[in-house]
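Engineer: Before we start, here is the structure in question, set down as structure tokens.
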Amino acid sequence: MSLLLSGVDMLSSSPVQPAKVASCGDEDHTTKNSRAARFRERFVRSRERFGPPGYRELRVMDLDHRPNQQLVDYYSALELVLCDATRARFGEYRTHFGPAQSEPPSDYCWLSTSVDPGNHLAGADFISTAFRALEDKLATDLDHEPPRRILDVGCGAGGTMRTWLERWPECTVTGININEHQLASATELLAPYGERAQLIRGNFFDTPLPAKHFDFIYFVESAFHMPDKEAVLRAVMHSLAPGGRVRFVDVFLSERAAEMAKRKKSVGGTREGDSIFSYETRDLWLETARGQGLRHDYWNEFGKQVARFLHIGLSWEEMQERYVRPRLGRHARRAEFTQSLHNLYTGYKRLQRLLRAGALEYATLGFRR
Ligand SMILES: C[S@@+](CC[C@H](N)C(=O)[O-])C[C@H]1O[C@@H](n2cnc3c(N)ncnc32)[C@H](O)[C@@H]1O
């Protein structure tokens with residue numbers, strides 16, 4: 001597994017620098033026992049084991065070239081609290097939602113299941129089935145003409161990349177992510193696939209990707225972190241091969257909610273001051289994509305199924321008592337950590353409410369070049 005770009009020259013002419021694990025907002029808690037430190041060690045170890053020193057530090061910057069530390073912290077908190085547990089027990093490398101395929105188990109709570117899957121086996125099974133279903137929806141119509149050069153933008157911990165590497169034996173997959181904790185997990189997960197899997201740590205917008213190269217580019221719940229959809233589609237157009245396909249698994253604003261947002265500025269991710277989430281309507285996406293020369297070829301909405309998946313049966317106090325406080329001892333930046341989790345908790349509650357009400361849509365949107 002090459003952690004980043006065996007063919008670095010294919011991507012950029014800038015010099016390849018030796019590996020360096022950059023700080024990701026939690027540089028204070030590097031004590032031996034902290035989970036963050038363990039992730040970091042694992043990252044370095046796995047890179048030594050599998051990767052040539054071709055790992056290049058790409059800047060972690062947002063669109064305005066300011067670091068979006070809030071976004072990085074958000075996924076680091078998620079990684080430490082939610083994903084580590086499910087991964088250890090079930091090998092699930094996901095930080096996305098899924099369309100529930102049935103009614104959930106009676107005691108189902110998405111957060112408790114993710115944090116403590118060993119005590120919520122039926123829930124964990126329910127979640128795994130939903131993850132698989134999401135990938136099937138993403139890959140609809142692709143199996144008859146399997147893509148060979150794939151780009152995963154915002155690849156998280158690499159779980160979806162692994163699915164394609166298994167499903168389409170001829171393909172290679174490149175993943176980009178700004179979060180080093182998730183990349184540490186992805187490095188381990190994808191090691192068995194050797195050169196077929198490549199990882200880049202960096203911001204999609206700052207990464208010099210090859211022109212007209214990939215025949216399938218996809219975003220699973222990452223485009224909603226990118227406020228400028230035109231910039232997203234422009235960057236896609238740069239790297240998408242002629243005839244290539246692009247798909248977004250994302251949250252979309254319903255037309256009705258967009259009207260409300262115009263009046264009140266307070267719907268979902270469009271809330272003022274929310275620098276992490278940014279939802280837009282399908283129509284805005286279609287118009288922007290048309291402007292870039294992309295042909296719309298796919299739409300599948302399944303928000304109600306995702307709302308079922310997102311069920312949270314705990315109050316914030318219960319959540320804190322059971323899952324946050326016991327972990328605080330290991331954190332030097334307790335206030336930030338708790339705040340990140342509180343944002344996560346309230347954000348998911350709101351998202352579920354808005355999906356149920358149809359104010360937000362959860363869908364796969366696709367285009368062809
Ligand atoms: C909800 S997670 C989804 C992760 C992964 N796609 C999955 O399905 O498990 C969103 C991911 O997008 C990444 N991300 C957000 N903005 C990014 C950007 N500008 N460039 C690269 N990655 C980004 C985050 O770090 C995070 O890993």
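Ligands are numbered from 1 in the order shown, residues from 1 within each chain, and chains are lettered A, B, ... in the order they appear in the structure tokens.
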Using only C-alpha atoms and all ligand atoms, find each protein or nucleic acid residue lying at most 6 Å from ligand 1; present the set as a ChimeraX atom specification.
Structural biologist: /A:94-96,153-157,160,176-179,202-204,220-222,225
Engineer: Write the residues you've just listed into a file as a PDB file, in the first residue's frame, and include N, CA and C atoms for each of them.
Structural biologist:
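Output (out.pdb):
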```
ATOM      1  N   ARG A  94     -16.121   3.275   8.768  1.00  0.00           N
ATOM      2  CA  ARG A  94     -17.095   4.230   8.191  1.00  0.00           C
ATOM      3  C   ARG A  94     -17.289   5.435   9.088  1.00  0.00           C
ATOM      4  N   THR A  95     -17.513   6.554   8.462  1.00  0.00           N
ATOM      5  CA  THR A  95     -18.048   7.693   9.201  1.00  0.00           C
ATOM      6  C   THR A  95     -19.169   8.293   8.366  1.00  0.00           C
ATOM      7  N   HIS A  96     -20.009   7.428   7.844  1.00  0.00           N
ATOM      8  CA  HIS A  96     -21.173   7.940   7.118  1.00  0.00           C
ATOM      9  C   HIS A  96     -22.424   7.232   7.620  1.00  0.00           C
ATOM     10  N   VAL A 153     -13.139  11.277  -2.750  1.00  0.00           N
ATOM     11  CA  VAL A 153     -12.853  12.584  -2.148  1.00  0.00           C
ATOM     12  C   VAL A 153     -13.447  12.619  -0.732  1.00  0.00           C
ATOM     13  N   GLY A 154     -12.580  12.803   0.261  1.00  0.00           N
ATOM     14  CA  GLY A 154     -13.019  12.758   1.664  1.00  0.00           C
ATOM     15  C   GLY A 154     -13.215  11.312   2.056  1.00  0.00           C
ATOM     16  N   CYS A 155     -12.151  10.525   1.925  1.00  0.00           N
ATOM     17  CA  CYS A 155     -12.274   9.063   1.989  1.00  0.00           C
ATOM     18  C   CYS A 155     -12.425   8.516   3.399  1.00  0.00           C
ATOM     19  N   GLY A 156     -12.421   9.378   4.426  1.00  0.00           N
ATOM     20  CA  GLY A 156     -12.576   8.886   5.795  1.00  0.00           C
ATOM     21  C   GLY A 156     -11.507   7.855   6.112  1.00  0.00           C
ATOM     22  N   ALA A 157     -11.946   6.730   6.658  1.00  0.00           N
ATOM     23  CA  ALA A 157     -10.995   5.684   7.056  1.00  0.00           C
ATOM     24  C   ALA A 157     -10.887   4.593   5.995  1.00  0.00           C
ATOM     25  N   THR A 160     -15.072   2.538   2.201  1.00  0.00           N
ATOM     26  CA  THR A 160     -15.719   2.456   0.884  1.00  0.00           C
ATOM     27  C   THR A 160     -14.688   2.128  -0.190  1.00  0.00           C
ATOM     28  N   ILE A 176      -8.534  10.837  -0.818  1.00  0.00           N
ATOM     29  CA  ILE A 176      -8.005  12.098  -0.268  1.00  0.00           C
ATOM     30  C   ILE A 176      -8.743  12.398   1.023  1.00  0.00           C
ATOM     31  N   ASN A 177      -7.995  12.843   2.017  1.00  0.00           N
ATOM     32  CA  ASN A 177      -8.640  13.228   3.268  1.00  0.00           C
ATOM     33  C   ASN A 177      -7.769  14.244   3.992  1.00  0.00           C
ATOM     34  N   ILE A 178      -8.420  15.099   4.794  1.00  0.00           N
ATOM     35  CA  ILE A 178      -7.650  16.076   5.556  1.00  0.00           C
ATOM     36  C   ILE A 178      -7.383  15.587   6.978  1.00  0.00           C
ATOM     37  N   ASN A 179      -7.913  14.423   7.341  1.00  0.00           N
ATOM     38  CA  ASN A 179      -7.810  14.017   8.746  1.00  0.00           C
ATOM     39  C   ASN A 179      -6.817  12.877   8.943  1.00  0.00           C
ATOM     40  N   GLY A 202      -4.664  15.686   2.404  1.00  0.00           N
ATOM     41  CA  GLY A 202      -4.713  17.049   1.908  1.00  0.00           C
ATOM     42  C   GLY A 202      -6.123  17.499   1.605  1.00  0.00           C
ATOM     43  N   ASN A 203      -6.206  18.743   1.288  1.00  0.00           N
ATOM     44  CA  ASN A 203      -7.474  19.349   0.930  1.00  0.00           C
ATOM     45  C   ASN A 203      -7.721  19.121  -0.566  1.00  0.00           C
ATOM     46  N   PHE A 204      -8.860  18.605  -0.893  1.00  0.00           N
ATOM     47  CA  PHE A 204      -9.202  18.321  -2.293  1.00  0.00           C
ATOM     48  C   PHE A 204      -8.887  19.507  -3.206  1.00  0.00           C
ATOM     49  N   VAL A 220     -18.598  10.549  -0.576  1.00  0.00           N
ATOM     50  CA  VAL A 220     -19.613  10.055   0.362  1.00  0.00           C
ATOM     51  C   VAL A 220     -19.626  10.996   1.559  1.00  0.00           C
ATOM     52  N   GLU A 221     -20.664  11.775   1.654  1.00  0.00           N
ATOM     53  CA  GLU A 221     -20.850  12.723   2.765  1.00  0.00           C
ATOM     54  C   GLU A 221     -19.642  13.639   2.970  1.00  0.00           C
ATOM     55  N   SER A 222     -19.011  14.033   1.903  1.00  0.00           N
ATOM     56  CA  SER A 222     -17.918  15.002   2.072  1.00  0.00           C
ATOM     57  C   SER A 222     -18.208  16.314   1.351  1.00  0.00           C
ATOM     58  N   HIS A 225     -19.292  19.331   3.211  1.00  0.00           N
ATOM     59  CA  HIS A 225     -18.312  20.137   3.942  1.00  0.00           C
ATOM     60  C   HIS A 225     -17.677  21.195   3.037  1.00  0.00           C
TER      61      HIS A 225
END
```
Engineer: Could you name the residues that touch Asp152 of chain A at 7 Å or less, counting only C-alpha atoms, but leaving out those on the same chain fewer than 4 positions away, as a ChimeraX atom specification?
Structural biologist: /A:174-176,217-219
Engineer: Among segment 181-296 of chain A, which residues carry a DSSP assignment of strand (DSSP E), reported as a PyMOL selection string?
Structural biologist: chain A and resi 197-201+214-220+240-253+280-281+295-296
Engineer: Between atom CA of Met226 of chain A and atom CA of Tyr93 of chain A, what distance in Å does the model show, to one decimal?
Structural biologist: 22.1 Å
Engineer: Find the spatial neighbours of Asn343 of chain A, counting only C-alpha atoms, within a cut-off of 12 Å - ignore same-chain residues fewer than 5 positions away - and output them as a PDB file with N, CA and C atoms, in the first residue's frame.
Structural biologist:
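Resulting contents of around_34.pdb:
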```
ATOM      1  N   GLN A  70     -11.974  23.430  12.832  1.00  0.00           N
ATOM      2  CA  GLN A  70     -13.215  22.915  13.409  1.00  0.00           C
ATOM      3  C   GLN A  70     -13.599  21.593  12.741  1.00  0.00           C
ATOM      4  N   LEU A  71     -13.406  21.532  11.442  1.00  0.00           N
ATOM      5  CA  LEU A  71     -13.746  20.317  10.698  1.00  0.00           C
ATOM      6  C   LEU A  71     -12.801  19.171  11.058  1.00  0.00           C
ATOM      7  N   ASP A  73     -11.109  18.848  13.874  1.00  0.00           N
ATOM      8  CA  ASP A  73     -11.411  18.441  15.255  1.00  0.00           C
ATOM      9  C   ASP A  73     -12.662  17.584  15.312  1.00  0.00           C
ATOM     10  N   TYR A  74     -13.638  17.971  14.523  1.00  0.00           N
ATOM     11  CA  TYR A  74     -14.909  17.248  14.509  1.00  0.00           C
ATOM     12  C   TYR A  74     -14.679  15.775  14.160  1.00  0.00           C
ATOM     13  N   TYR A  75     -13.917  15.524  13.094  1.00  0.00           N
ATOM     14  CA  TYR A  75     -13.707  14.131  12.700  1.00  0.00           C
ATOM     15  C   TYR A  75     -12.721  13.408  13.600  1.00  0.00           C
ATOM     16  N   ALA A  77     -12.695  13.823  16.850  1.00  0.00           N
ATOM     17  CA  ALA A  77     -13.540  13.420  17.977  1.00  0.00           C
ATOM     18  C   ALA A  77     -14.392  12.214  17.589  1.00  0.00           C
ATOM     19  N   LEU A  78     -14.949  12.271  16.419  1.00  0.00           N
ATOM     20  CA  LEU A  78     -15.792  11.175  15.929  1.00  0.00           C
ATOM     21  C   LEU A  78     -14.975   9.882  15.858  1.00  0.00           C
ATOM     22  N   ASP A 274     -22.497  28.158  10.998  1.00  0.00           N
ATOM     23  CA  ASP A 274     -22.105  26.765  10.948  1.00  0.00           C
ATOM     24  C   ASP A 274     -21.043  26.594   9.868  1.00  0.00           C
ATOM     25  N   SER A 275     -19.822  26.434  10.322  1.00  0.00           N
ATOM     26  CA  SER A 275     -18.757  26.422   9.321  1.00  0.00           C
ATOM     27  C   SER A 275     -18.423  25.008   8.868  1.00  0.00           C
ATOM     28  N   ILE A 276     -19.193  24.039   9.335  1.00  0.00           N
ATOM     29  CA  ILE A 276     -18.852  22.658   8.977  1.00  0.00           C
ATOM     30  C   ILE A 276     -19.761  22.122   7.872  1.00  0.00           C
ATOM     31  N   PHE A 277     -21.048  22.382   7.962  1.00  0.00           N
ATOM     32  CA  PHE A 277     -21.979  21.791   7.001  1.00  0.00           C
ATOM     33  C   PHE A 277     -22.562  22.841   6.075  1.00  0.00           C
ATOM     34  N   TRP A 316     -28.513  14.196  25.992  1.00  0.00           N
ATOM     35  CA  TRP A 316     -27.106  14.623  26.014  1.00  0.00           C
ATOM     36  C   TRP A 316     -26.485  14.302  27.378  1.00  0.00           C
ATOM     37  N   GLU A 336     -12.651  21.373  24.351  1.00  0.00           N
ATOM     38  CA  GLU A 336     -12.841  21.278  22.899  1.00  0.00           C
ATOM     39  C   GLU A 336     -13.427  19.925  22.515  1.00  0.00           C
ATOM     40  N   PHE A 337     -12.931  18.910  23.198  1.00  0.00           N
ATOM     41  CA  PHE A 337     -13.396  17.553  22.902  1.00  0.00           C
ATOM     42  C   PHE A 337     -14.892  17.420  23.219  1.00  0.00           C
ATOM     43  N   THR A 338     -15.263  17.907  24.404  1.00  0.00           N
ATOM     44  CA  THR A 338     -16.670  17.827  24.803  1.00  0.00           C
ATOM     45  C   THR A 338     -17.515  18.673  23.858  1.00  0.00           C
ATOM     46  N   TYR A 348     -26.686  15.809  14.828  1.00  0.00           N
ATOM     47  CA  TYR A 348     -27.355  14.596  14.334  1.00  0.00           C
ATOM     48  C   TYR A 348     -28.838  14.596  14.677  1.00  0.00           C
ATOM     49  N   LYS A 349     -29.150  15.091  15.871  1.00  0.00           N
ATOM     50  CA  LYS A 349     -30.569  15.169  16.264  1.00  0.00           C
ATOM     51  C   LYS A 349     -31.333  16.048  15.269  1.00  0.00           C
ATOM     52  N   ARG A 350     -30.718  17.180  14.972  1.00  0.00           N
ATOM     53  CA  ARG A 350     -31.370  18.130  14.064  1.00  0.00           C
ATOM     54  C   ARG A 350     -31.494  17.529  12.669  1.00  0.00           C
ATOM     55  N   LEU A 351     -30.442  16.866  12.257  1.00  0.00           N
ATOM     56  CA  LEU A 351     -30.453  16.263  10.927  1.00  0.00           C
ATOM     57  C   LEU A 351     -31.566  15.224  10.823  1.00  0.00           C
TER      58      LEU A 351
END
```
Engineer: Can you tell me, as a list of chain:residue names, what residues are no more than 12 Å from Arg87 of chain A when counting only C-alpha atoms, ignoring any on the same chain fewer than 5 positions away?
Structural biologist: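 So, after excluding close chain neighbours, the residues are A:Glu79, A:Leu80, A:Val81, A:Leu82, A:Glu92, A:Tyr93, A:Arg94, A:Thr95, A:Thr113, A:Ser114, A:Val115, A:Asp116, A:Pro117, A:Gly118, A:Ala124, A:Ser128, A:Ala157, A:Gly158, A:Gly159, A:Gln182, A:Ser185, A:Ala186, A:Glu188, A:Leu189.
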Engineer: Restrict the selected residues to N, CA and C atoms and save them as a PDB file, in the first residue's frame.
Structural biologist:
```pdb
ATOM      1  N   GLU A  79     -13.781  10.031  15.366  1.00  0.00           N
ATOM      2  CA  GLU A  79     -12.891   8.882  15.194  1.00  0.00           C
ATOM      3  C   GLU A  79     -12.577   8.259  16.552  1.00  0.00           C
ATOM      4  N   LEU A  80     -12.259   9.117  17.530  1.00  0.00           N
ATOM      5  CA  LEU A  80     -11.839   8.591  18.823  1.00  0.00           C
ATOM      6  C   LEU A  80     -12.994   7.976  19.591  1.00  0.00           C
ATOM      7  N   VAL A  81     -14.162   8.526  19.442  1.00  0.00           N
ATOM      8  CA  VAL A  81     -15.269   8.039  20.261  1.00  0.00           C
ATOM      9  C   VAL A  81     -16.099   6.988  19.540  1.00  0.00           C
ATOM     10  N   LEU A  82     -16.455   7.266  18.314  1.00  0.00           N
ATOM     11  CA  LEU A  82     -17.383   6.366  17.640  1.00  0.00           C
ATOM     12  C   LEU A  82     -16.690   5.239  16.891  1.00  0.00           C
ATOM     13  N   GLU A  92     -15.558  -2.212  10.816  1.00  0.00           N
ATOM     14  CA  GLU A  92     -16.257  -1.221   9.983  1.00  0.00           C
ATOM     15  C   GLU A  92     -15.443   0.065   9.941  1.00  0.00           C
ATOM     16  N   TYR A  93     -15.108   0.512   8.772  1.00  0.00           N
ATOM     17  CA  TYR A  93     -14.288   1.715   8.631  1.00  0.00           C
ATOM     18  C   TYR A  93     -15.136   2.820   8.025  1.00  0.00           C
ATOM     19  N   ARG A  94     -16.121   3.275   8.768  1.00  0.00           N
ATOM     20  CA  ARG A  94     -17.095   4.230   8.191  1.00  0.00           C
ATOM     21  C   ARG A  94     -17.289   5.435   9.088  1.00  0.00           C
ATOM     22  N   THR A  95     -17.513   6.554   8.462  1.00  0.00           N
ATOM     23  CA  THR A  95     -18.048   7.693   9.201  1.00  0.00           C
ATOM     24  C   THR A  95     -19.169   8.293   8.366  1.00  0.00           C
ATOM     25  N   THR A 113     -24.784   2.308  19.895  1.00  0.00           N
ATOM     26  CA  THR A 113     -24.320   1.154  19.129  1.00  0.00           C
ATOM     27  C   THR A 113     -22.915   1.403  18.586  1.00  0.00           C
ATOM     28  N   SER A 114     -22.703   2.613  18.092  1.00  0.00           N
ATOM     29  CA  SER A 114     -21.398   2.911  17.505  1.00  0.00           C
ATOM     30  C   SER A 114     -20.297   2.970  18.567  1.00  0.00           C
ATOM     31  N   VAL A 115     -20.639   3.519  19.738  1.00  0.00           N
ATOM     32  CA  VAL A 115     -19.627   3.655  20.786  1.00  0.00           C
ATOM     33  C   VAL A 115     -19.387   2.324  21.482  1.00  0.00           C
ATOM     34  N   ASP A 116     -20.454   1.545  21.637  1.00  0.00           N
ATOM     35  CA  ASP A 116     -20.355   0.331  22.450  1.00  0.00           C
ATOM     36  C   ASP A 116     -21.021  -0.848  21.726  1.00  0.00           C
ATOM     37  N   PRO A 117     -20.491  -1.215  20.566  1.00  0.00           N
ATOM     38  CA  PRO A 117     -21.177  -2.221  19.741  1.00  0.00           C
ATOM     39  C   PRO A 117     -21.263  -3.584  20.405  1.00  0.00           C
ATOM     40  N   GLY A 118     -20.293  -3.887  21.284  1.00  0.00           N
ATOM     41  CA  GLY A 118     -20.288  -5.208  21.933  1.00  0.00           C
ATOM     42  C   GLY A 118     -21.558  -5.451  22.729  1.00  0.00           C
ATOM     43  N   ALA A 124     -25.630  -3.293  15.861  1.00  0.00           N
ATOM     44  CA  ALA A 124     -24.421  -3.276  15.030  1.00  0.00           C
ATOM     45  C   ALA A 124     -24.681  -3.977  13.703  1.00  0.00           C
ATOM     46  N   SER A 128     -24.399  -2.295  10.004  1.00  0.00           N
ATOM     47  CA  SER A 128     -23.558  -2.862   8.935  1.00  0.00           C
ATOM     48  C   SER A 128     -24.369  -3.073   7.658  1.00  0.00           C
ATOM     49  N   ALA A 157     -11.946   6.730   6.658  1.00  0.00           N
ATOM     50  CA  ALA A 157     -10.995   5.684   7.056  1.00  0.00           C
ATOM     51  C   ALA A 157     -10.887   4.593   5.995  1.00  0.00           C
ATOM     52  N   GLY A 158     -11.375   4.859   4.807  1.00  0.00           N
ATOM     53  CA  GLY A 158     -11.095   3.977   3.670  1.00  0.00           C
ATOM     54  C   GLY A 158     -12.047   2.807   3.473  1.00  0.00           C
ATOM     55  N   GLY A 159     -13.117   2.737   4.260  1.00  0.00           N
ATOM     56  CA  GLY A 159     -14.025   1.578   4.161  1.00  0.00           C
ATOM     57  C   GLY A 159     -14.655   1.429   2.782  1.00  0.00           C
ATOM     58  N   GLN A 182      -8.025   9.476  10.659  1.00  0.00           N
ATOM     59  CA  GLN A 182      -8.733   8.569   9.750  1.00  0.00           C
ATOM     60  C   GLN A 182      -7.765   7.940   8.754  1.00  0.00           C
ATOM     61  N   SER A 185      -6.096   4.877  10.078  1.00  0.00           N
ATOM     62  CA  SER A 185      -6.914   3.667   9.965  1.00  0.00           C
ATOM     63  C   SER A 185      -6.958   3.168   8.531  1.00  0.00           C
ATOM     64  N   ALA A 186      -7.082   4.107   7.604  1.00  0.00           N
ATOM     65  CA  ALA A 186      -7.164   3.725   6.186  1.00  0.00           C
ATOM     66  C   ALA A 186      -5.872   3.031   5.744  1.00  0.00           C
ATOM     67  N   GLU A 188      -3.908   1.210   7.455  1.00  0.00           N
ATOM     68  CA  GLU A 188      -3.907  -0.179   7.918  1.00  0.00           C
ATOM     69  C   GLU A 188      -4.887  -1.028   7.115  1.00  0.00           C
ATOM     70  N   LEU A 189      -6.051  -0.482   6.941  1.00  0.00           N
ATOM     71  CA  LEU A 189      -7.104  -1.245   6.255  1.00  0.00           C
ATOM     72  C   LEU A 189      -6.719  -1.615   4.824  1.00  0.00           C
TER      73      LEU A 189
END
```
Engineer: Give the alpha helix (DSSP H) residues of segment 167-214 of chain A, as DSSP finds them on the backbone, and put them as a list in words.
Structural biologist: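 Here is the list: Arg167, Glu180, His181, Gln182, Leu183, Ala184, Ser185, Ala186, Thr187, Glu188, Leu189 and Leu190 of chain A.
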Engineer: Could you save those same residues with C-alpha atoms as an mmCIF file, in the first residue's frame?
Structural biologist:
```cif
data_model
loop_
_atom_site.group_PDB
_atom_site.id
_atom_site.type_symbol
_atom_site.label_atom_id
_atom_site.label_comp_id
_atom_site.auth_asym_id
_atom_site.auth_seq_id
_atom_site.Cartn_x
_atom_site.Cartn_y
_atom_site.Cartn_z
ATOM 1 C CA ARG A 167 -15.751 -5.609 -5.960
ATOM 2 C CA GLU A 180 -4.727 12.161 9.843
ATOM 3 C CA HIS A 181 -6.480 9.976 12.412
ATOM 4 C CA GLN A 182 -8.733 8.569 9.750
ATOM 5 C CA LEU A 183 -5.832 8.159 7.366
ATOM 6 C CA ALA A 184 -4.022 6.118 9.998
ATOM 7 C CA SER A 185 -6.914 3.667 9.965
ATOM 8 C CA ALA A 186 -7.164 3.725 6.186
ATOM 9 C CA THR A 187 -3.471 2.946 5.880
ATOM 10 C CA GLU A 188 -3.907 -0.179 7.918
ATOM 11 C CA LEU A 189 -7.104 -1.245 6.255
ATOM 12 C CA LEU A 190 -5.843 -0.867 2.705
#
```
Engineer: Record the distance separating atom CA of Gln352 of chain A and atom CA of Ala307 of chain A, expressed in Å with one decimal.
Structural biologist: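 Atom CA of Ala307 of chain A lies at a distance of 5.0 Å from atom CA of Gln352 of chain A.
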